[in-house]
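Colleague: Quick one: structure below, then a few questions.
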Amino acid sequence: MIKRYHKNSIFQFRYLSPIYALIFIVLSVDLVSAQHISDTVKIKPIEVYANKVIKEQAGKTTTEIDSISMIKALTSNLSELIMQNTPIFIKEYGRGAMATASFRGTAPSHTQVSWNGISLNSPMLGMVDFSAIPVYFTDNISLLHGSGSLSEKSGALGGVVKLENSTDWQNTFSGRLLTGIGSYGTKDEFFQINGGNRKVQSQTRAFYNYSNNDYQFVNKFIADIDPKTGNYLYPTQRNENSQYENYGLLQELYLHPAEKSILIIRYWYQHNDRSLPRLLSNETGNAANINRQTENAHRPVAEWKYYGKKGTLSLTTGANIQLLNYQLKTKISGAADQLVINSDSRSASYLFKAIYSYKFSGDFSIVTGANTEINSVYSKNSPLNGELQDYDRQRQDHSAYVQLSKSFNDKLSANLLAREDHIGGKFTPFIPSAGIEYHPFRDKGYFIKGNLARNYHQPTLNDLYYIPGGNPRLKPEEGIMADMGTGYSGANGNMTFHAALNGYYSRINNWIIWLPTPQGYWEPYNMKRVNASGIELNTGFSGKIYTIDYHINGNYAFTQSINRDDPRNWADESIGKQLPYIPKHSSNILINLSRSGYHVTWLWTYYSERFTTTSNDKTSKLDVLYPYFMNNLFLGKEIKLNRKKLDIELKVFNLFNEEYRTVLQHPMPGRNYSLLIRYDF
Amino acid sequence: MTINYSTISLFLLTLFVFAGCMKDDEWMARHQSETLPSAGGVFIVNEGNFMYGNASLSFYDPVKRTVQNDFFYNANGLPLGDVAQSMVIQNKLGYIVINNSGKIYVINTSDGKYIGKITGLTSPRYIHFVNPDKAYITDLYAGQITIVNPKNYQITGTIITTGHASTEQMVQWNDFLFVSCWSFDNTILVIDTRTDSIVDEIKTGKQPGGLVLDKYNKIWTLCDGGWSKNGTTSRIPMLQRIDPATRTIEKSFSLTADAKPSRLTINGQMDTLVFLNNGIWKLGVNQSILDDHPFLSTQNHLYYSLAIDPNSSELYLSDAIDYLQRGLVYRYSPLGAKIDSFKTGIIPGSFCFK
C-alpha cells in the first residue's frame with residue numbers, strides 16, 4: 001500500500017510557477033556572493049523582536065504568549081493554554097478529549113498550526129486537535145491573526161498558531177524534571193535534558209501522561225421513576241471509558257558547523273490513546289458503543305539557515321505523518337465483538353520550503369519564499385460485516401511569495417506581499433496583502449496599523465474524496481480580509497504595560513460546511529458566504545509593588561460570524577445569524593503574584609452563550625449552551641538551590657466546583673487538583 | 001502611571017463579581033405542558049443532530065392546526081436523547097426508539113409523561129409488536145434482534161442475525177416477520193415469530209430499507225443502492241416486490257444510477273406506494289412501469305421524510321432545511337393540494353399517527 005504514495009514523483013517542477021523559478025535564481029546569486037564575505041561577519045542566530053518597528057511585520061497582528069503563561073501551562077495541552085491566554089475560542093469535548101479552535105469566528109480548519117515551519121494540520125481533516133499537542137514540547141508560541149498569517153502560509157483564514165523551539169548556545173548541561181499527580185488517577189511525567197557547546201546542542205524531551213478520567217457526576221439527563229413516590233431518581237455515574245494515555249519524544253540537534261550557518265534537525269514522535277465519553281442521555285448496555293482513538297504521529301524536520309552579509313537563506317524539509325485508528329465497538333454476550341466502525345487512516349504531508357530574505361538597505365528589504373507540500377491520504381473504514389470504504393489520494397500544493405518591506409522614516413513603515421498557489425494542478429487566483437504601520441508620537445510605543453489581504457483555503461482531501469459524501473466539485477474558500485489596530489506598549493518605573501485593540505472584517509466566500517443528507521451520510525458543500533468580524537483587546541502589565549511581583553494579562557474578543565448564504569427556501573431562518581458554537585463574547589484573565597518564592601496564579605476564562613442551531617433558536621434549553629465561566633487557582637513555592645530551582649505547585653481546577661458541560665451532553669469534572677514538582681537544573 | 005493596592009483590589013473584586021456560576025440545573029425544571037394533545041393527531045419524531053443529544057418530539061393536531069414542540073421535554077424535564085429514530089403506538093402508549101441513546105422511551109400518549117423505558121440496547125432502529133407481550137427491536141450495529149416484553153420493559157431474548165450487523169424495518173405476514181438488513185447489506189430475513197428463529201432469507205438489491213405490505217399481501221422493499229465510490233462501482237437503486245408466501249422477488253423496478261430514493265410508504269387504501277427521490281413519487285401496486293414524473297416536485301425543498309395518514313391518506317412531508325435548525329413539515333391532501341405547514345424540532349424524521 002505504501003508504495004502507492006510514491007507513484008507521483010516528488011519533484012515535478014514542470015508545474016512550478018514563474019515566481020518559484022525567480023526565487024531560485026535570486027537566491028543562487030546571493031549564495032555565491034555570500035561565500036566571499038569576510039569571516040568576521042557576525043551572524044544572528046536568534047531573532048530578537050524588540051519593542052521597535054519591524055517593517056516586515058507592519059500592519060500585521062501578532063500575539064506572543066508570555067513566559068509566565070507558558071510555564072503555568074507546562075503540563076497542559078495546547079488547548080488549555082490557548083483557551084486561557086488568547087482570544088481564540090476552543091471547543092472541547094471533555095477532559096482530555098478532542099479540542100478544536102475557532103480563531104476570529106472561523107472554522108477549525110481555518111486555524112493553521114505550524115511547528116518549526118511544518119504544518120500540523122492534517123491534509124485529511126484540515127484541522128488540528130489542540131488537545132493532542134503538549135505544551136512541554138514547545139518553547140515559543142505566537143499567534144498570527146487573520147491576514148497577518150500570509151507571510152507564513154496561505155489558507156489560514158482565521159490565523160496561524162506558530163509553535164517554535166529554540167536553543168541556548170551558551171548551554172553546557174541543563175534540564176528539567178517534572179512529576180505530577182492529580183485527581184482521577186492522573187499522572188504527568190516529563191523530562192528535558194540539554195547538553196552541548198557552541199558548536200553542537202542537543203535537546204531531548206519526553207513526556208508521559210495518563211488519566212483514568214473517571215470523575216463522578218449526577219446525571220440529570222436521565223432518570224428512573226421511584227415506584228412509590230413517582231419522583232425522579234437521577235443516577236450518580238462515573239465518566240467511564242474515558243481514560244487517556246499520551247506519550248511522546250522530541251529530539252533536537254542544533255549544529256553550528258560554520259560561523260554563518262546553522263543546521264537544526266528535529267524529530268517528534270507522539271502517541272495518543274483516548275476515547276470520547278458517551279453522551280449523558282446514553283442508556284445503551286455497558287459494553288455498547290465504546291470508542292477508542294489511537295494516534296501515532298511522526299514529525300521529522302531539518303532546517304538549514306545561512307546568514308549572508310545582507311541575505312539570509314533558510315531551507316526546511318520535513319514531514320507530518322499521522323496514523324490514526326478509530327474503533328467503535330459493541331460487545332455482545334455470546335457473540336464476537338461487533339466492530340461497528342474500524343477506520344484507519346494515514347495522512348502524510350511532506351514539505352520542502354525555501355525562504356530567502358535580503359536587505360537592500362536598513363529600510364528596505366525583500367523576503368521571498370517557496371514551498372512544496374506533497375499531501376497524501378489513505379483512509380479506510382472496514383467495519384465487521386460491512387463493506388470496505390476507502391480512498392487513496394495525493395495532492396501537490398505549491399506556493400511562492402514575495403514580500404517587499406520599507407520603512408519610510410522612523411514613524412511609517414509598510415509592506416506588500418504577493419503570493420501564488422498552485423494546488424493539485426491548478427493555479428489559484430493571485431493572493432495579495434498590504435500592510436502599513438504608523439507610530440505618530442515621539443514615544444514609539446503608540447502605533448496604528450492596518451492590513452488588507454485576500455486569502456484562499458483549499459478543501460481538505462476528506463472534503464473532496466471521503467467515501468461516502470466527499471465532493472470533488474468543491475470550490476476553495478476565498479477570504480477578503482481587512483484589519484485595523486492600535487495600541488501602546490511601554491514602561492513606567494518598574495511597570496511594563498501593553499494594550500492592543502484590533503478590529504477585523506473578513507468576507508469568506510464558498511465557506512465549506514458538512515451537512516447531513518436524506519441518505520443518512522454527510523456531504524460537504526460551499527455556502528455562499530460568511531462574514532466574520534470582530535474586535536480583539538489584549539492588555540497586560542507587570543512589575544513590582546513593594547515586595548510583590550505581579551503579572552497580569554487579559555484578553556477580550558467580540559466575534560460576529562454571520563451566515564450570508566442564500567436561503568434554502570422561505571422557511572430558512574439561518575441567514576444573518578451567528579454560526580453555531582461561536583461565542584459572541586469571550587474573555588480570559590491571568591493574574592500571577594509572587595513574593596520571595598511563593599507564587600499564586602489565578603486564571604479566569606469566560607465564553608458567552610453559544611447557539612447549537614443555525615437559526616440561533618432559544619425556544620428550548622437544548623438549543624443553547626449557557627455562558628461558561630471557569631476559575632483555576634495555582635499556588636506554589638519556588639526554592640532556589642544555587643543555580644538550580646525546585647518548584648512545588650498545587651493546581652486547583654474548577655475552583656468553585658461548578659457542574660457544567662462544554663458541548664451539549666458531555667459532563668465536565670468538578671473541582672479537581674494536581675500537585676506538581678518541577679526541578680530545573 | 002502608578003498602580004496601588006486599592007486599584008488592584010478593586011480590579012480583582014470586579015472580576016470576582018462576574019466570576020459567576022454556570023447554571024446547569026436551571027433547565028432541568030419539570031414543566032407541565034399547557035395543553036394536552038387532542039385525541040387525534042400525529043407525533044413527529046425529530047431526530048436531532050448526531051452526538052448533540054437534541055432529539056425532540058412534536059405533536060400536530062390536524063383539526064385545530066396547532067403544533068406542540070418539545071413535547072417530551074416539556075412534559076418530563078428530560079431530553080429525549082440522541083437521534084430519535086421511530087415511534088409506534090401500542091395500546092395508547094407511545095414507544096419512541098432513541099437510536100444513539102440505546103433506549104426506547106415509553107410515554108403516555110395523552111399527556112406525554114414518560115412511564116418507563118427499555119434500556120441496554122445498542123443502536124436500536126424500529127420496534128414491532130408481535131403481540132401485546134412480545135416485541136422485536138431491530139438494531140443498526142448489534143447483529144441481533146432484541147426480544148422484549150413491552151409491558152414490563154424487560155429484555156427477554158435475542159435473535160442473533162449472523163452475518164448481518166444491521167437490521168432495519170419489519171413487516172409481518174401471518175406468523176412470519178420480514179426484516180430488512182440495510183447497512184451494507186442486501187438481504188431480507190424471514191423470522192418465525194412463534195419460535196423466534198430465522199427460517200429463511202431473501203437476497204434483494206443493495207441496501208433494502210423500507211418495507212410495506214400492500215392490499216394483495218405482497219411486500220415491497222426499497223433498496224437505496226448504497227453509494228458509489230466516485231463512479232467506480234455501479235449502483236442500481238430499486239423498488240422490489242416480494243411474495244411472502246414463496247419468499248421470492250416477483251418484480252423489480254430499477255431507478256436511475258444517480259437516484260437516491262428513501263422513505264417508502266403506502267397510502268391508507270394500501271394500493272399506492274409513495275417514496276422520496278428528490279420529489280415525491282407514486283407507484284400504484286398494479287402499475288407495470290414507473291412514472292416519468294414525480295407526483296410532487298421539490299419546489300425549493302430538499303425533502304427529508306414523508307408519511308401518509310392511514311385514515312385520511314393525507315401526506316406529511318418534512319424538510320430539514322439545513323439540518324441545524326428547526327425543520328418544516330408540510331401537510332398535503334391525497335391529491336397533492338397544500339393544506340398547512342408548520343415548524344417542528346431539528347430534523348423531523350418520522351411520523352406516528354395517534
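All residue names refer to the C-alpha cells as shown: chains lettered A, B, ... in order, residues numbered from 1 in each chain, ligands numbered from 1 in order.
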With only C-alpha atoms counted and 7 Å as the cut-off, give the residues of chain B in contact with chain A, each with its shortest interatomic distance in Å and the pair that gives it, as CSV.

Modeller:
```
residue,atom,partner,partner_atom,distance
B:Met1,CA,A:Asn492,CA,6.3
B:Ala19,CA,A:Phe629,CA,6.3
B:Gly20,CA,A:Phe629,CA,6.3
B:Cys21,CA,A:Phe629,CA,6.4
B:Met22,CA,A:Tyr628,CA,6.3
B:Asp24,CA,A:Tyr660,CA,5.6
B:Trp27,CA,A:Lys621,CA,6.1
B:Tyr52,CA,A:Leu664,CA,5.9
B:Gly53,CA,A:Gln665,CA,6.5
B:Asn54,CA,A:Leu622,CA,6.0
B:Leu78,CA,A:Phe221,CA,5.7
B:Pro79,CA,A:Phe221,CA,6.3
B:Gly81,CA,A:Ser281,CA,5.2
B:Asp82,CA,A:Ser281,CA,6.9
B:Ser101,CA,A:Asn282,CA,4.1
B:Gly102,CA,A:Thr284,CA,4.1
B:Lys103,CA,A:Glu283,CA,5.9
B:Thr119,CA,A:Glu283,CA,5.6
B:Gly120,CA,A:Gly285,CA,3.9
B:Leu121,CA,A:Thr284,CA,4.9
B:Thr122,CA,A:Thr284,CA,5.4
B:Tyr141,CA,A:Val340,CA,6.1
B:Ala142,CA,A:Gln338,CA,6.7
B:Gly163,CA,A:Asn385,CA,6.2
B:His164,CA,A:Asn385,CA,6.4
B:Ala165,CA,A:Asn385,CA,6.1
B:Phe184,CA,A:Gly386,CA,5.4
B:Trp227,CA,A:Pro468,CA,6.6
B:Lys229,CA,A:Ile467,CA,6.6
B:Lys260,CA,A:Gln519,CA,6.9
B:Asn300,CA,A:Asn569,CA,5.9
B:His301,CA,A:Asn569,CA,6.8
B:Tyr304,CA,A:Pro518,CA,5.2
B:Ile321,CA,A:Asp572,CA,6.3
B:Tyr323,CA,A:Pro516,CA,6.6
B:Leu324,CA,A:Thr613,CA,5.0
B:Gln325,CA,A:Thr613,CA,5.0
```

Colleague: Could you list, as a PyMOL selection string, every residue within 9 Å of range 55-71 of chain B, counting only C-alpha atoms and ignoring same-chain residues fewer than 4 positions away?

Modeller: (chain A and resi 619-620) or (chain B and resi 33+35+37-50+75-76+79-84+98+111-112+331+340-348)

Colleague: Need the shell around Met484 in chain A: protein/DNA/RNA residues with any atom at most 7 Å away, counting only C-alpha atoms. Skip same-chain ones fewer than 5 positions apart. Format as an mmCIF file with C-alpha atoms, in the first residue's frame?

Modeller:
```cif
data_model
loop_
_atom_site.group_PDB
_atom_site.id
_atom_site.type_symbol
_atom_site.label_atom_id
_atom_site.label_comp_id
_atom_site.auth_asym_id
_atom_site.auth_seq_id
_atom_site.Cartn_x
_atom_site.Cartn_y
_atom_site.Cartn_z
ATOM 1 C CA LYS A 449 -1.792 49.874 11.735
ATOM 2 C CA GLY A 450 -3.826 48.286 9.037
ATOM 3 C CA ASN A 451 -3.688 45.378 6.668
ATOM 4 C CA ASN A 502 -7.789 45.290 16.802
ATOM 5 C CA GLY A 503 -10.793 45.280 14.597
ATOM 6 C CA TYR A 504 -11.167 42.988 11.633
#
```

Colleague: Quick check for you: according to DSSP on this backbone, which residues of range 365-579 of chain A are classed as strand (DSSP E or B)? Reply as a ChimeraX atom specification.

Modeller: /A:365-381,389-407,412-423,426-427,431-438,446-457,477-492,495-509,512-516,522-526,529-545,548-563,578

Colleague: Which is closest to Leu93 in chain B among B:Trp182, B:Phe176, B:Tyr105, B:Trp281, if we use only C-alpha atoms?

Modeller: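 That would be B:Tyr105, the residue with the smallest distance to Leu93 in chain B.
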
Colleague: Any idea what's packed within 7 Å of Ile137 in chain B, counting only C-alpha atoms, ignoring anything in its chain fewer than 6 positions away? Could you give it as a PDB file with N, CA and C atoms, in the first residue's frame?

Modeller:
```pdb
ATOM      1  N   PRO B 124     -30.667   0.932  18.519  1.00  0.00           N
ATOM      2  CA  PRO B 124     -31.991   0.491  18.078  1.00  0.00           C
ATOM      3  C   PRO B 124     -32.578   1.373  16.969  1.00  0.00           C
ATOM      4  N   TYR B 126     -36.049   0.250  15.055  1.00  0.00           N
ATOM      5  CA  TYR B 126     -37.515   0.137  14.991  1.00  0.00           C
ATOM      6  C   TYR B 126     -37.998  -0.898  15.997  1.00  0.00           C
ATOM      7  N   ILE B 127     -39.242  -0.727  16.435  1.00  0.00           N
ATOM      8  CA  ILE B 127     -39.868  -1.731  17.300  1.00  0.00           C
ATOM      9  C   ILE B 127     -41.119  -2.244  16.599  1.00  0.00           C
ATOM     10  N   HIS B 128     -41.340  -3.540  16.678  1.00  0.00           N
ATOM     11  CA  HIS B 128     -42.511  -4.155  16.065  1.00  0.00           C
ATOM     12  C   HIS B 128     -43.182  -5.044  17.101  1.00  0.00           C
ATOM     13  N   ILE B 145     -31.479  -9.139  16.837  1.00  0.00           N
ATOM     14  CA  ILE B 145     -32.777  -8.517  17.095  1.00  0.00           C
ATOM     15  C   ILE B 145     -33.085  -8.799  18.562  1.00  0.00           C
ATOM     16  N   THR B 146     -33.497  -7.758  19.274  1.00  0.00           N
ATOM     17  CA  THR B 146     -33.767  -7.932  20.702  1.00  0.00           C
ATOM     18  C   THR B 146     -35.253  -8.207  20.899  1.00  0.00           C
ATOM     19  N   ILE B 147     -35.548  -9.192  21.728  1.00  0.00           N
ATOM     20  CA  ILE B 147     -36.950  -9.511  22.042  1.00  0.00           C
ATOM     21  C   ILE B 147     -37.251  -8.918  23.418  1.00  0.00           C
TER      22      ILE B 147
END
```

Colleague: Could you pull out the residues in range 13-227 of chain A that DSSP calls helix (DSSP H, G or I) from the backbone, as JSON, numbers by chain?

Modeller: {"A": [13, 14, 15, 18, 19, 20, 21, 22, 23, 24, 25, 26, 27, 28, 29, 30, 31, 32, 33, 34, 55, 56, 57, 67, 68, 69, 70, 71, 72, 78, 79, 80, 81, 82, 83, 84, 85, 108, 109, 110, 130, 131, 132, 135, 136, 137, 146, 147, 148, 149]}

Colleague: So what do you get for CA of Ser343 in chain A versus CA of Ser379 in chain A, distance-wise?

Modeller: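 Value for the CA of Ser343 in chain A-CA of Ser379 in chain A distance: 7.3 Å.
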
Colleague: Considering only C-alpha atoms, return as a list in words whatever protein or nucleic-acid residues lie within 10 Å of Tyr136 in chain B, sequence-local ones (same chain, fewer than 4 positions apart) excluded.

Modeller: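 Here the qualifying residues turn out to be Tyr126, Ile127, His128, Phe129, Val130, Asn131, Ile145, Thr146, Ile147, Val148, Asn149, Pro150, Ile155, Gly157, Thr158, Ile159, Met170, Leu177, Thr193 and Asp196 of chain B.
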
Colleague: Neighbouring residues of Ser114 in chain A were defined as those with any atom within 8 Å, considering only C-alpha atoms; residues of the same chain fewer than 5 positions away were excluded. Please report them as an MDAnalysis selection string.

Modeller: chainID A and resid 119:121 160:163

Colleague: May I have the residues within 9 Å of Ser365 in chain A as number ranges by chain, using only C-alpha atoms and disregarding those fewer than 2 positions away in the same chain?

Modeller: A: 55-56, 357-363, 367, 403-406

Colleague: Take the selection from the previous step and output its residues with N, CA and C atoms, as an mmCIF file, in the first residue's frame.

Modeller:
```cif
data_model
loop_
_atom_site.group_PDB
_atom_site.id
_atom_site.type_symbol
_atom_site.label_atom_id
_atom_site.label_comp_id
_atom_site.auth_asym_id
_atom_site.auth_seq_id
_atom_site.Cartn_x
_atom_site.Cartn_y
_atom_site.Cartn_z
ATOM 1 N N LYS A 55 9.575 46.472 10.037
ATOM 2 C CA LYS A 55 8.808 46.806 8.828
ATOM 3 C C LYS A 55 8.170 45.568 8.198
ATOM 4 N N GLU A 56 8.855 44.401 8.352
ATOM 5 C CA GLU A 56 8.297 43.165 7.788
ATOM 6 C C GLU A 56 6.978 42.787 8.471
ATOM 7 N N SER A 357 15.710 36.065 2.559
ATOM 8 C CA SER A 357 15.437 37.473 2.812
ATOM 9 C C SER A 357 16.704 38.268 2.523
ATOM 10 N N TYR A 358 16.488 39.420 1.983
ATOM 11 C CA TYR A 358 17.625 40.234 1.560
ATOM 12 C C TYR A 358 17.371 41.678 1.940
ATOM 13 N N LYS A 359 18.369 42.284 2.542
ATOM 14 C CA LYS A 359 18.248 43.692 2.942
ATOM 15 C C LYS A 359 18.983 44.555 1.935
ATOM 16 N N PHE A 360 18.228 45.332 1.181
ATOM 17 C CA PHE A 360 18.868 46.251 0.250
ATOM 18 C C PHE A 360 19.544 47.357 1.036
ATOM 19 N N SER A 361 18.883 47.774 2.080
ATOM 20 C CA SER A 361 19.435 48.782 2.970
ATOM 21 C C SER A 361 18.729 48.601 4.301
ATOM 22 N N GLY A 362 19.044 49.476 5.234
ATOM 23 C CA GLY A 362 18.426 49.348 6.548
ATOM 24 C C GLY A 362 16.911 49.508 6.512
ATOM 25 N N ASP A 363 16.415 50.212 5.491
ATOM 26 C CA ASP A 363 14.975 50.454 5.492
ATOM 27 C C ASP A 363 14.252 49.833 4.300
ATOM 28 N N VAL A 367 11.647 39.687 1.130
ATOM 29 C CA VAL A 367 11.615 38.311 1.607
ATOM 30 C C VAL A 367 10.885 37.527 0.536
ATOM 31 N N GLN A 403 7.717 39.345 -0.567
ATOM 32 C CA GLN A 403 7.256 40.445 0.276
ATOM 33 C C GLN A 403 8.294 41.554 0.255
ATOM 34 N N LEU A 404 7.838 42.746 -0.037
ATOM 35 C CA LEU A 404 8.714 43.917 -0.006
ATOM 36 C C LEU A 404 8.328 44.738 1.210
ATOM 37 N N SER A 405 9.336 45.141 1.980
ATOM 38 C CA SER A 405 9.050 45.909 3.190
ATOM 39 C C SER A 405 9.902 47.158 3.192
ATOM 40 N N LYS A 406 9.275 48.263 3.573
ATOM 41 C CA LYS A 406 10.009 49.518 3.550
ATOM 42 C C LYS A 406 9.642 50.372 4.749
#
```

Colleague: Can you work out the spacing between CA of Phe89 in chain A and CA of Gln578 in chain A in Å, to one decimal?

Modeller: 14.4 Å

Colleague: Which distance in Å separates CA of Trp304 in chain A and CA of Phe430 in chain A, to one decimal?

Modeller: 29.1 Å
